[in-house]
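Listing of structure-v8.cif, mmCIF, C-alpha atoms and all ligand atoms
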data_structure
loop_
_atom_site.label_atom_id
_atom_site.label_comp_id
_atom_site.auth_asym_id
_atom_site.auth_seq_id
_atom_site.Cartn_x
_atom_site.Cartn_y
_atom_site.Cartn_z
CA MET A 1 -107.89 -8.41 13.39
CA GLY A 2 -109.45 -9.75 16.55
CA GLY A 3 -112.53 -7.64 17.23
CA GLY A 4 -111.67 -4.90 19.74
CA GLU A 5 -109.46 -2.87 17.41
CA GLN A 6 -112.17 -0.77 15.77
CA LYS A 7 -113.63 0.23 19.12
CA TYR A 8 -110.30 1.75 20.23
CA VAL A 9 -109.73 3.41 16.85
CA GLN A 10 -113.27 4.85 17.06
CA GLU A 11 -112.46 6.18 20.54
CA ALA A 12 -109.48 8.01 19.07
CA PHE A 13 -111.73 9.60 16.43
CA ASP A 14 -114.50 10.43 18.90
CA THR A 15 -112.08 12.19 21.24
CA ASN A 16 -110.06 13.71 18.36
CA TRP A 17 -106.83 12.12 19.63
CA VAL A 18 -105.38 11.86 16.12
CA ALA A 19 -101.73 12.40 16.99
CA PRO A 20 -98.57 10.50 17.92
CA LEU A 21 -99.68 10.57 21.55
CA GLY A 22 -102.91 10.00 23.46
CA PRO A 23 -104.83 7.49 25.59
CA ASN A 24 -104.42 4.58 23.16
CA VAL A 25 -100.64 4.99 23.17
CA ASP A 26 -100.59 5.06 26.99
CA ASN A 27 -102.90 2.08 27.32
CA PHE A 28 -101.14 0.06 24.63
CA GLU A 29 -97.83 0.57 26.46
CA LYS A 30 -99.49 -0.45 29.73
CA SER A 31 -100.92 -3.62 28.28
CA ILE A 32 -97.59 -4.62 26.68
CA ASN A 33 -95.87 -4.06 30.01
CA GLN A 34 -98.51 -6.11 31.82
CA PHE A 35 -98.09 -8.95 29.35
CA LEU A 36 -94.31 -8.87 29.79
CA GLY A 37 -94.61 -9.26 33.56
CA GLY A 38 -95.20 -5.72 34.78
CA SER A 39 -91.70 -4.49 35.57
CA SER A 40 -90.66 -2.99 32.22
CA HIS A 41 -90.99 0.54 30.82
CA VAL A 42 -92.41 0.45 27.30
CA ALA A 43 -92.26 3.14 24.61
CA ALA A 44 -94.55 2.57 21.59
CA LEU A 45 -92.77 3.59 18.38
CA SER A 46 -93.35 3.76 14.64
CA SER A 47 -91.46 0.52 13.92
CA GLY A 48 -89.21 -2.16 15.31
CA THR A 49 -86.39 -0.77 13.21
CA ALA A 50 -86.83 2.62 14.89
CA ALA A 51 -86.72 0.86 18.28
CA ILE A 52 -83.39 -0.80 17.44
CA HIS A 53 -82.01 2.52 16.20
CA LEU A 54 -82.98 4.28 19.45
CA ALA A 55 -81.78 1.34 21.59
CA LEU A 56 -78.32 1.53 20.05
CA GLU A 57 -78.21 5.29 20.43
CA LEU A 58 -79.33 5.05 24.08
CA LEU A 59 -76.50 2.58 24.71
CA GLY A 60 -74.06 5.18 23.43
CA VAL A 61 -73.26 3.74 20.00
CA THR A 62 -71.74 6.41 17.79
CA ARG A 63 -69.69 6.77 14.62
CA ASP A 64 -66.83 4.25 14.23
CA ASP A 65 -67.98 2.06 17.13
CA GLU A 66 -68.25 -1.65 16.51
CA VAL A 67 -71.55 -3.43 17.19
CA ILE A 68 -71.92 -7.19 17.15
CA CYS A 69 -75.02 -8.49 15.38
CA GLN A 70 -76.44 -11.95 14.87
CA SER A 71 -75.83 -12.65 11.19
CA PHE A 72 -78.80 -14.98 10.74
CA THR A 73 -81.64 -12.45 10.90
CA PHE A 74 -83.71 -9.98 8.92
CA SER A 75 -81.74 -6.93 7.71
CA ALA A 76 -83.61 -4.61 10.10
CA SER A 77 -81.53 -6.01 12.99
CA ALA A 78 -78.35 -4.70 11.36
CA ASN A 79 -79.40 -1.61 9.37
CA PRO A 80 -79.61 0.73 12.40
CA ILE A 81 -75.92 0.03 13.14
CA MET A 82 -75.25 1.63 9.74
CA TYR A 83 -77.59 4.58 10.45
CA LEU A 84 -75.29 5.46 13.35
CA GLY A 85 -72.14 5.22 11.25
CA ALA A 86 -70.96 2.25 13.32
CA THR A 87 -69.51 -1.02 12.02
CA PRO A 88 -71.51 -4.26 12.15
CA ILE A 89 -69.53 -7.32 13.29
CA LEU A 90 -71.54 -10.34 12.17
CA VAL A 91 -71.63 -13.51 14.25
CA ASP A 92 -72.98 -16.88 13.14
CA SER A 93 -75.60 -19.08 14.84
CA GLU A 94 -75.59 -22.36 16.79
CA LYS A 95 -77.69 -25.32 15.74
CA ASP A 96 -80.00 -25.71 18.79
CA THR A 97 -81.97 -22.46 18.43
CA TRP A 98 -80.53 -21.10 15.13
CA ASN A 99 -79.57 -17.94 17.01
CA ILE A 100 -76.27 -16.26 17.88
CA SER A 101 -73.65 -18.80 18.96
CA PRO A 102 -72.24 -18.08 22.44
CA LYS A 103 -68.95 -19.70 21.43
CA LEU A 104 -68.53 -17.65 18.25
CA LEU A 105 -69.72 -14.53 20.09
CA GLU A 106 -67.05 -14.84 22.77
CA GLY A 107 -64.41 -15.56 20.13
CA ALA A 108 -65.50 -12.48 18.19
CA ILE A 109 -65.37 -10.25 21.27
CA GLU A 110 -61.86 -11.51 22.18
CA ASP A 111 -60.69 -10.94 18.61
CA ARG A 112 -62.14 -7.44 18.36
CA ILE A 113 -60.54 -6.50 21.70
CA ALA A 114 -57.21 -7.93 20.51
CA LYS A 115 -57.55 -5.83 17.35
CA GLY A 116 -57.99 -2.71 19.48
CA LYS A 117 -61.72 -2.06 19.94
CA LYS A 118 -64.22 -3.49 22.40
CA PRO A 119 -67.65 -3.81 20.76
CA LYS A 120 -70.20 -1.32 22.11
CA ALA A 121 -73.30 -3.56 21.99
CA ILE A 122 -74.58 -6.98 20.95
CA VAL A 123 -77.76 -7.34 18.86
CA ALA A 124 -79.15 -10.82 19.62
CA VAL A 125 -82.31 -12.08 17.95
CA HIS A 126 -85.03 -14.61 18.89
CA LEU A 127 -85.46 -15.67 15.27
CA TYR A 128 -88.81 -17.17 14.21
CA GLY A 129 -89.90 -16.78 17.84
CA MET A 130 -87.33 -19.21 19.23
CA PRO A 131 -85.48 -17.73 22.20
CA TYR A 132 -81.70 -17.44 21.80
CA LYS A 133 -79.43 -18.99 24.45
CA VAL A 134 -80.51 -16.43 26.98
CA ARG A 135 -78.35 -17.50 29.90
CA GLU A 136 -75.12 -17.96 27.95
CA ILE A 137 -75.49 -14.66 26.11
CA ALA A 138 -76.25 -12.81 29.36
CA GLN A 139 -73.13 -14.31 30.96
CA ILE A 140 -70.92 -13.15 28.08
CA SER A 141 -72.56 -9.71 28.13
CA GLU A 142 -71.80 -9.42 31.82
CA LYS A 143 -68.28 -10.81 31.60
CA TYR A 144 -67.21 -8.24 29.01
CA GLY A 145 -69.50 -5.40 30.07
CA ILE A 146 -71.20 -5.21 26.67
CA PRO A 147 -74.99 -4.59 26.74
CA VAL A 148 -77.42 -6.68 24.70
CA VAL A 149 -80.09 -5.21 22.43
CA GLU A 150 -82.66 -8.00 22.45
CA ASP A 151 -84.37 -8.11 19.06
CA SER A 152 -87.67 -9.69 20.03
CA ALA A 153 -89.48 -8.52 16.87
CA GLU A 154 -90.51 -12.08 16.02
CA ALA A 155 -90.86 -13.37 19.57
CA LEU A 156 -93.69 -11.55 21.35
CA GLY A 157 -95.36 -14.32 23.39
CA SER A 158 -92.23 -16.48 23.61
CA ARG A 159 -90.50 -17.11 26.91
CA PHE A 160 -87.54 -18.73 28.58
CA GLU A 161 -88.08 -20.25 32.03
CA ASN A 162 -91.27 -18.25 32.44
CA GLN A 163 -89.67 -14.91 31.67
CA LYS A 164 -91.04 -13.23 28.56
CA CYS A 165 -88.89 -12.48 25.53
CA GLY A 166 -88.30 -8.77 25.27
CA THR A 167 -87.23 -8.47 28.91
CA PHE A 168 -83.79 -10.11 28.76
CA GLY A 169 -81.56 -7.50 27.14
CA ALA A 170 -80.37 -4.16 28.49
CA ILE A 171 -82.99 -2.92 26.03
CA GLY A 172 -85.56 -5.07 24.22
CA ILE A 173 -87.48 -4.29 21.06
CA LEU A 174 -90.76 -5.51 19.54
CA SER A 175 -92.29 -5.12 16.08
CA PHE A 176 -95.95 -4.78 15.15
CA ASN A 177 -95.35 -4.82 11.41
CA GLY A 178 -98.05 -6.43 9.28
CA ASN A 179 -96.29 -9.81 9.14
CA LYS A 180 -95.68 -10.21 12.87
CA ILE A 181 -97.64 -12.25 15.43
CA ILE A 182 -99.77 -9.21 16.24
CA THR A 183 -99.78 -6.01 14.22
CA THR A 184 -100.66 -2.32 14.24
CA SER A 185 -100.08 -2.39 10.44
CA GLY A 186 -96.72 -0.78 11.18
CA GLY A 187 -95.25 -0.16 14.61
CA GLY A 188 -92.80 -1.22 17.25
CA ALA A 189 -91.83 -0.79 20.87
CA LEU A 190 -88.74 -0.23 22.96
CA ILE A 191 -88.63 -2.07 26.28
CA ALA A 192 -86.50 -0.36 28.91
CA LYS A 193 -85.50 -1.50 32.37
CA ASP A 194 -86.07 1.93 33.97
CA GLU A 195 -88.26 4.98 33.57
CA ALA A 196 -85.36 7.30 32.69
CA THR A 197 -84.36 5.20 29.66
CA LYS A 198 -87.96 5.05 28.47
CA ASN A 199 -88.31 8.81 28.88
CA ARG A 200 -85.11 9.41 26.95
CA ALA A 201 -86.40 7.11 24.17
CA VAL A 202 -89.68 9.04 23.98
CA PHE A 203 -87.76 12.33 24.01
CA LEU A 204 -85.59 11.24 21.07
CA ALA A 205 -88.62 9.75 19.29
CA THR A 206 -90.48 13.08 19.44
CA GLN A 207 -87.83 15.32 17.86
CA ALA A 208 -85.77 15.84 21.03
CA ARG A 209 -87.57 18.97 22.11
CA ASP A 210 -86.03 20.55 25.22
CA ASP A 211 -88.18 21.92 28.02
CA ALA A 212 -88.85 25.50 26.83
CA PRO A 213 -91.87 27.53 25.62
CA HIS A 214 -90.29 27.83 22.14
CA TYR A 215 -88.78 25.04 20.05
CA GLN A 216 -85.37 24.41 21.59
CA HIS A 217 -83.13 21.48 20.63
CA SER A 218 -79.81 20.35 22.05
CA SER A 219 -79.90 16.81 20.59
CA VAL A 220 -80.71 15.39 17.17
CA GLY A 221 -84.21 13.93 17.36
CA TYR A 222 -86.35 11.54 15.36
CA ASN A 223 -90.00 11.29 14.42
CA TYR A 224 -90.42 7.75 15.74
CA ARG A 225 -93.45 7.85 18.06
CA MET A 226 -96.48 5.62 17.43
CA SER A 227 -99.72 7.19 16.27
CA ASN A 228 -102.67 7.10 18.69
CA ILE A 229 -104.77 5.58 15.88
CA LEU A 230 -102.41 2.66 15.37
CA ALA A 231 -102.03 2.19 19.12
CA GLY A 232 -105.81 1.64 19.14
CA ILE A 233 -105.29 -1.30 16.80
CA GLY A 234 -102.53 -2.48 19.12
CA ARG A 235 -104.81 -2.44 22.17
CA GLY A 236 -107.29 -4.67 20.36
CA GLN A 237 -104.49 -6.96 19.18
CA MET A 238 -103.13 -7.43 22.70
CA GLU A 239 -106.49 -8.97 23.62
CA VAL A 240 -105.95 -11.76 21.08
CA LEU A 241 -102.18 -12.20 21.42
CA GLN A 242 -102.37 -15.51 23.29
CA ASP A 243 -104.93 -16.81 20.74
CA ARG A 244 -102.49 -15.96 17.96
CA VAL A 245 -99.67 -17.77 19.76
CA ASP A 246 -101.94 -20.80 20.27
CA GLN A 247 -102.85 -20.77 16.55
CA ARG A 248 -99.20 -20.56 15.50
CA ARG A 249 -98.25 -23.32 17.91
CA PHE A 250 -101.09 -25.42 16.52
CA ASN A 251 -99.64 -24.97 13.00
CA TYR A 252 -96.31 -26.27 14.26
CA SER A 253 -97.86 -29.28 16.05
CA PHE A 254 -99.90 -30.14 12.96
CA TYR A 255 -96.87 -30.11 10.67
CA LYS A 256 -94.80 -32.00 13.24
CA LYS A 257 -97.48 -34.64 13.72
CA HIS A 258 -97.89 -35.31 10.01
CA LEU A 259 -94.33 -34.78 8.75
CA GLY A 260 -92.21 -35.39 11.84
CA HIS A 261 -91.77 -39.09 11.09
CA LEU A 262 -90.01 -38.40 7.77
CA PRO A 263 -86.23 -38.76 7.96
CA GLN A 264 -85.94 -36.01 5.30
CA ILE A 265 -87.62 -33.32 7.38
CA GLU A 266 -86.04 -31.84 10.49
CA PHE A 267 -87.97 -29.54 12.86
CA LEU A 268 -86.59 -26.81 15.14
CA GLU A 269 -87.26 -28.11 18.66
CA GLU A 270 -87.73 -26.19 21.90
CA GLN A 271 -84.84 -26.63 24.33
CA ASP A 272 -85.44 -27.26 28.05
CA GLY A 273 -87.31 -24.32 29.59
CA TYR A 274 -88.16 -22.86 26.18
CA TYR A 275 -91.58 -21.75 24.95
CA SER A 276 -91.66 -20.42 21.37
CA ASN A 277 -94.56 -18.44 19.91
CA ARG A 278 -93.83 -20.45 16.71
CA TRP A 279 -94.25 -17.29 14.67
CA LEU A 280 -93.23 -19.35 11.65
CA THR A 281 -92.87 -23.11 11.38
CA CYS A 282 -89.51 -23.78 9.75
CA VAL A 283 -88.04 -27.08 8.65
CA LEU A 284 -84.74 -28.33 7.25
CA MET A 285 -84.55 -30.60 4.20
CA PRO A 286 -81.58 -32.85 3.37
CA SER A 287 -80.28 -30.58 0.58
CA PHE A 288 -80.83 -27.34 -1.31
CA ALA A 289 -82.13 -29.37 -4.29
CA ILE A 290 -84.82 -31.15 -2.25
CA ARG A 291 -85.79 -27.90 -0.50
CA GLU A 292 -86.23 -26.23 -3.88
CA LYS A 293 -88.17 -29.17 -5.27
CA ILE A 294 -90.65 -28.91 -2.37
CA ARG A 295 -90.84 -25.11 -2.49
CA LEU A 296 -91.53 -25.08 -6.23
CA ALA A 297 -94.06 -27.93 -5.99
CA LEU A 298 -95.97 -25.93 -3.36
CA LEU A 299 -95.75 -22.78 -5.48
CA GLU A 300 -97.21 -24.65 -8.43
CA GLU A 301 -100.30 -25.26 -6.28
CA ASN A 302 -100.40 -21.57 -5.27
CA VAL A 303 -98.98 -22.30 -1.80
CA GLU A 304 -96.32 -19.83 -0.77
CA SER A 305 -93.39 -21.04 1.31
CA ARG A 306 -90.03 -19.31 1.66
CA PRO A 307 -86.34 -20.00 2.22
CA LEU A 308 -85.08 -18.98 5.68
CA TRP A 309 -83.48 -15.54 6.17
CA LYS A 310 -80.32 -15.09 4.14
CA PRO A 311 -77.51 -14.38 6.64
CA MET A 312 -76.24 -10.81 6.76
CA HIS A 313 -72.62 -11.80 6.12
CA LEU A 314 -73.75 -13.18 2.75
CA GLN A 315 -75.65 -10.00 1.81
CA PRO A 316 -73.88 -7.73 -0.67
CA VAL A 317 -74.60 -4.69 1.52
CA PHE A 318 -72.76 -6.19 4.54
CA ALA A 319 -70.17 -8.32 2.73
CA GLU A 320 -67.26 -5.98 3.50
CA PHE A 321 -67.71 -6.16 7.28
CA PRO A 322 -65.95 -8.60 9.61
CA ASN A 323 -67.81 -11.85 10.25
CA TYR A 324 -67.26 -14.79 12.55
CA SER A 325 -68.91 -17.74 10.83
CA ASP A 326 -68.66 -21.50 10.84
CA GLY A 327 -71.11 -22.17 8.01
CA THR A 328 -74.13 -22.87 10.25
CA SER A 329 -76.45 -20.13 9.03
CA GLU A 330 -75.36 -20.58 5.43
CA ASP A 331 -76.39 -24.24 5.71
CA LEU A 332 -79.72 -23.24 7.33
CA PHE A 333 -80.30 -20.79 4.48
CA ASN A 334 -79.58 -23.46 1.87
CA ARG A 335 -81.71 -26.24 3.34
CA GLY A 336 -84.40 -24.44 5.33
CA LEU A 337 -87.98 -23.68 4.43
CA CYS A 338 -90.61 -21.55 6.20
CA LEU A 339 -93.89 -23.38 5.82
CA PRO A 340 -97.17 -21.44 5.55
CA SER A 341 -97.76 -20.26 9.12
CA GLY A 342 -100.59 -17.72 9.17
CA SER A 343 -102.82 -17.50 12.24
CA ASN A 344 -105.86 -18.03 10.01
CA LEU A 345 -104.89 -21.35 8.40
CA SER A 346 -107.62 -23.94 8.78
CA GLU A 347 -106.95 -27.61 9.45
CA LYS A 348 -108.08 -28.20 5.89
CA ASP A 349 -105.44 -25.77 4.57
CA LEU A 350 -102.76 -27.40 6.70
CA GLY A 351 -103.88 -30.86 5.57
CA ARG A 352 -103.62 -29.82 1.94
CA ILE A 353 -100.08 -28.46 2.44
CA VAL A 354 -99.00 -31.63 4.26
CA ALA A 355 -100.47 -33.83 1.51
CA LEU A 356 -98.59 -31.85 -1.16
CA ILE A 357 -95.31 -32.25 0.70
CA LEU A 358 -95.90 -35.98 1.28
CA THR A 359 -96.44 -36.64 -2.43
CA LYS A 360 -93.31 -34.69 -3.45
CA ILE A 361 -90.70 -35.59 -0.87
C1 LIG A 401 -89.64 -7.36 11.57
C2 LIG A 401 -88.30 -7.39 12.17
C3 LIG A 401 -87.63 -6.22 12.57
C4 LIG A 401 -88.10 -4.84 12.22
O1 LIG A 401 -89.35 -4.49 12.61
P1 LIG A 401 -90.19 -3.39 11.76
O2 LIG A 401 -91.31 -3.09 12.69
O3 LIG A 401 -90.63 -4.09 10.51
O4 LIG A 401 -89.30 -2.24 11.52
C5 LIG A 401 -86.43 -6.34 13.21
N1 LIG A 401 -85.88 -7.54 13.45
C6 LIG A 401 -86.47 -8.67 13.06
C7 LIG A 401 -85.80 -9.97 13.39
C8 LIG A 401 -87.68 -8.65 12.39
O5 LIG A 401 -88.25 -9.79 11.98
#
For this file, produce the structure as structure tokens.
Ligand SMILES: *Cc1c(COP(=O)(O)O)cnc(C)c1O
Amino acid sequence: MGGGEQKYVQEAFDTNWVAPLGPNVDNFEKSINQFLGGSSHVAALSSGTAAIHLALELLGVTRDDEVICQSFTFSASANPIMYLGATPILVDSEKDTWNISPKLLEGAIEDRIAKGKKPKAIVAVHLYGMPYKVREIAQISEKYGIPVVEDSAEALGSRFENQKCGTFGAIGILSFNGNKIITTSGGGALIAKDEATKNRAVFLATQARDDAPHYQHSSVGYNYRMSNILAGIGRGQMEVLQDRVDQRRFNYSFYKKHLGHLPQIEFLEEQDGYYSNRWLTCVLMPSFAIREKIRLALLEENVESRPLWKPMHLQPVFAEFPNYSDGTSEDLFNRGLCLPSGSNLSEKDLGRIVALILTKI
């Protein structure tokens, strides 16, 4: 926590705004919008997963539709496709950003159309805070008339050519889960391009109650709104967001400076015009065996590191669905390691981790 959170939570108690609406929710949404550049319409929700679910529903995804999803991601990018009874079509990554490959994406769209169904939406992800190929994906989205749900759960604070991540897709989403760059303990947001879409999201997120004195419903609703208590934490967190990004970027620079000269360790670089929040610092080792040797050596010293996300097309739960892969994300999964990346790591901590890796590599 950064300092201001308790003040806003106290305000909620003092004014008895203990509900999934109130001044903290309004102000949290305002401050997210301001941070993103001021022209979005933000709905604070109970989670990033809920935001993806609503985004897909708002884009008209229903039963038996096909939805393309970046395969190299956390399962929450793909699960909401299943909630809607739609079919996930999993697409592999390219090597520059580790995100959805424009080439494989276009191939997948052409193939799905040839097989009889145009995909209804594309879920693209800025994994580990690194923006996906924003321009190329937008071009494909436009060419085929398929909207992008921009999963920016890991990329609050990242940008491409001075435009903030979260504002590129037809609908963007953020997460404030406990492990993200800032947190409300649990929470998320949907970022819409217009007021009507935001209002529809809030309507669906608050049980889809029609305008009537009694409880009247003509749509299926959800209980997905953010609590005014948690939004108080969010307001305080927004005040330290750039500090958190600076801390995460410092972690990356430290690792790069002290390990970057090793031929066995490969870092994920920013492309031209890219600015990553460096949510996690991830590296590639020459082989699975060396990656495991390093991971286990760190673990022995009580230092937790983790393999990269296991691609969705390799997950038992999604194995039966079509995938368009060229082995890229499987290779990343086999050789990649997320190094300790907390915002509270000291230089001494980082130095100790680096020293451990240097003695074992
Ligand atoms: C965390 C995360 C989500 C889900 O957010 P929650 O708030 O945890 O529901 C979605 N996509 C990605 C890539 C994530 O890392």
**Study point:** Nearest to Lys164 of chain A, chosen from A:Leu190, A:Leu308, A:Ile32, A:Leu56, with only C-alpha atoms counted in the distances
**Key:** A:Ile32
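If you look at atom CA of Asp65 of chain A and atom C4 of ligand LIG 401 (chain A), they are 21.8 Å away from each other.
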Practice item. Name the closest residue to ligand LIG 401 (chain A) among the candidates A:Ala192, A:Leu45, A:Ile353, A:Leu105; distances are taken between atoms, counting only C-alpha atoms and all ligand atoms. Key: A:Leu45
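Considering the residues A:Gly351, A:Gly166, A:Pro307, A:Gly336 and counting only C-alpha atoms, Lys256 of chain A has its shortest atom-to-atom contact with A:Gly351.
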Rows by chain and residue number, segment 60-81 of chain A within 12 Å of segment 129-145 of chain A, shortest pair, only C-alpha atoms, as a Markdown table:
| residue | atom | partner | partner_atom | distance |
| --- | --- | --- | --- | --- |
| A:Ile68 | CA | A:Ser141 | CA | 11.3 |
| A:Gln70 | CA | A:Tyr132 | CA | 10.3 |
| A:Phe72 | CA | A:Tyr132 | CA | 11.7 |
| A:Thr73 | CA | A:Gly129 | CA | 11.6 |
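If you measure from each of A:Lys103, A:Ser75, A:Ala108, A:Thr97 to Pro316 of chain A using all atoms listed in the file, the closest one turns out to be A:Ser75.
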Point to revise | Surroundings of ligand LIG 401 (chain A) up to 10 Å, based on all atoms listed in the file, as number ranges by chain | key: A: 45-53, 70, 72-80, 123-129, 150-155, 173-180, 183-189, 279, 309
Could you write out that same residue set with C-alpha atoms as a CSV table (one decimal), keeping the file's coordinate frame?
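Written file, selection_4.csv:
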chain,number,residue,atom,x,y,z
A,45,LEU,CA,-92.8,3.6,18.4
A,46,SER,CA,-93.4,3.8,14.6
A,47,SER,CA,-91.5,0.5,13.9
A,48,GLY,CA,-89.2,-2.2,15.3
A,49,THR,CA,-86.4,-0.8,13.2
A,50,ALA,CA,-86.8,2.6,14.9
A,51,ALA,CA,-86.7,0.9,18.3
A,52,ILE,CA,-83.4,-0.8,17.4
A,53,HIS,CA,-82.0,2.5,16.2
A,70,GLN,CA,-76.4,-12.0,14.9
A,72,PHE,CA,-78.8,-15.0,10.7
A,73,THR,CA,-81.6,-12.4,10.9
A,74,PHE,CA,-83.7,-10.0,8.9
A,75,SER,CA,-81.7,-6.9,7.7
A,76,ALA,CA,-83.6,-4.6,10.1
A,77,SER,CA,-81.5,-6.0,13.0
A,78,ALA,CA,-78.4,-4.7,11.4
A,79,ASN,CA,-79.4,-1.6,9.4
A,80,PRO,CA,-79.6,0.7,12.4
A,123,VAL,CA,-77.8,-7.3,18.9
A,124,ALA,CA,-79.2,-10.8,19.6
A,125,VAL,CA,-82.3,-12.1,18.0
A,126,HIS,CA,-85.0,-14.6,18.9
A,127,LEU,CA,-85.5,-15.7,15.3
A,128,TYR,CA,-88.8,-17.2,14.2
A,129,GLY,CA,-89.9,-16.8,17.8
A,150,GLU,CA,-82.7,-8.0,22.4
A,151,ASP,CA,-84.4,-8.1,19.1
A,152,SER,CA,-87.7,-9.7,20.0
A,153,ALA,CA,-89.5,-8.5,16.9
A,154,GLU,CA,-90.5,-12.1,16.0
A,155,ALA,CA,-90.9,-13.4,19.6
A,173,ILE,CA,-87.5,-4.3,21.1
A,174,LEU,CA,-90.8,-5.5,19.5
A,175,SER,CA,-92.3,-5.1,16.1
A,176,PHE,CA,-96.0,-4.8,15.2
A,177,ASN,CA,-95.4,-4.8,11.4
A,178,GLY,CA,-98.0,-6.4,9.3
A,179,ASN,CA,-96.3,-9.8,9.1
A,180,LYS,CA,-95.7,-10.2,12.9
A,183,THR,CA,-99.8,-6.0,14.2
A,184,THR,CA,-100.7,-2.3,14.2
A,185,SER,CA,-100.1,-2.4,10.4
A,186,GLY,CA,-96.7,-0.8,11.2
A,187,GLY,CA,-95.2,-0.2,14.6
A,188,GLY,CA,-92.8,-1.2,17.2
A,189,ALA,CA,-91.8,-0.8,20.9
A,279,TRP,CA,-94.2,-17.3,14.7
A,309,TRP,CA,-83.5,-15.5,6.2
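Among the candidates A:Thr62, A:Asn334, A:Thr87, A:Asn16, the one nearest to Phe318 of chain A when counting all atoms listed in the file is A:Thr87.
Interatomic distance, atom CA of Pro88 of chain A against atom CA of Phe321 of chain A: 6.5 Å.
Between Asn24 of chain A and the candidates A:Arg235, A:His258, A:Lys120, A:Arg200, the tightest atom-to-atom separation, counting all atoms listed in the file, involves A:Arg235.
Using only C-alpha atoms, the contacts of Leu350 of chain A at a cut-off of 9 Å, with sequence neighbours closer than 4 positions omitted, comprise Asn251, Phe254, Tyr255, Pro340, Leu345, Ser346, Val354 and Ala355 of chain A.
Atom CA of Gly172 of chain A is found 24.0 Å from atom CA of Gly107 of chain A.
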Exercise for review: Excluding Gly2 of chain A and any residue of its chain fewer than 2 positions from it, enumerate the residues within 8 Å of it, using only C-alpha atoms, and give them as an MDAnalysis selection string.
Suggested key: chainID A and resid 4:5 236:237 239:240
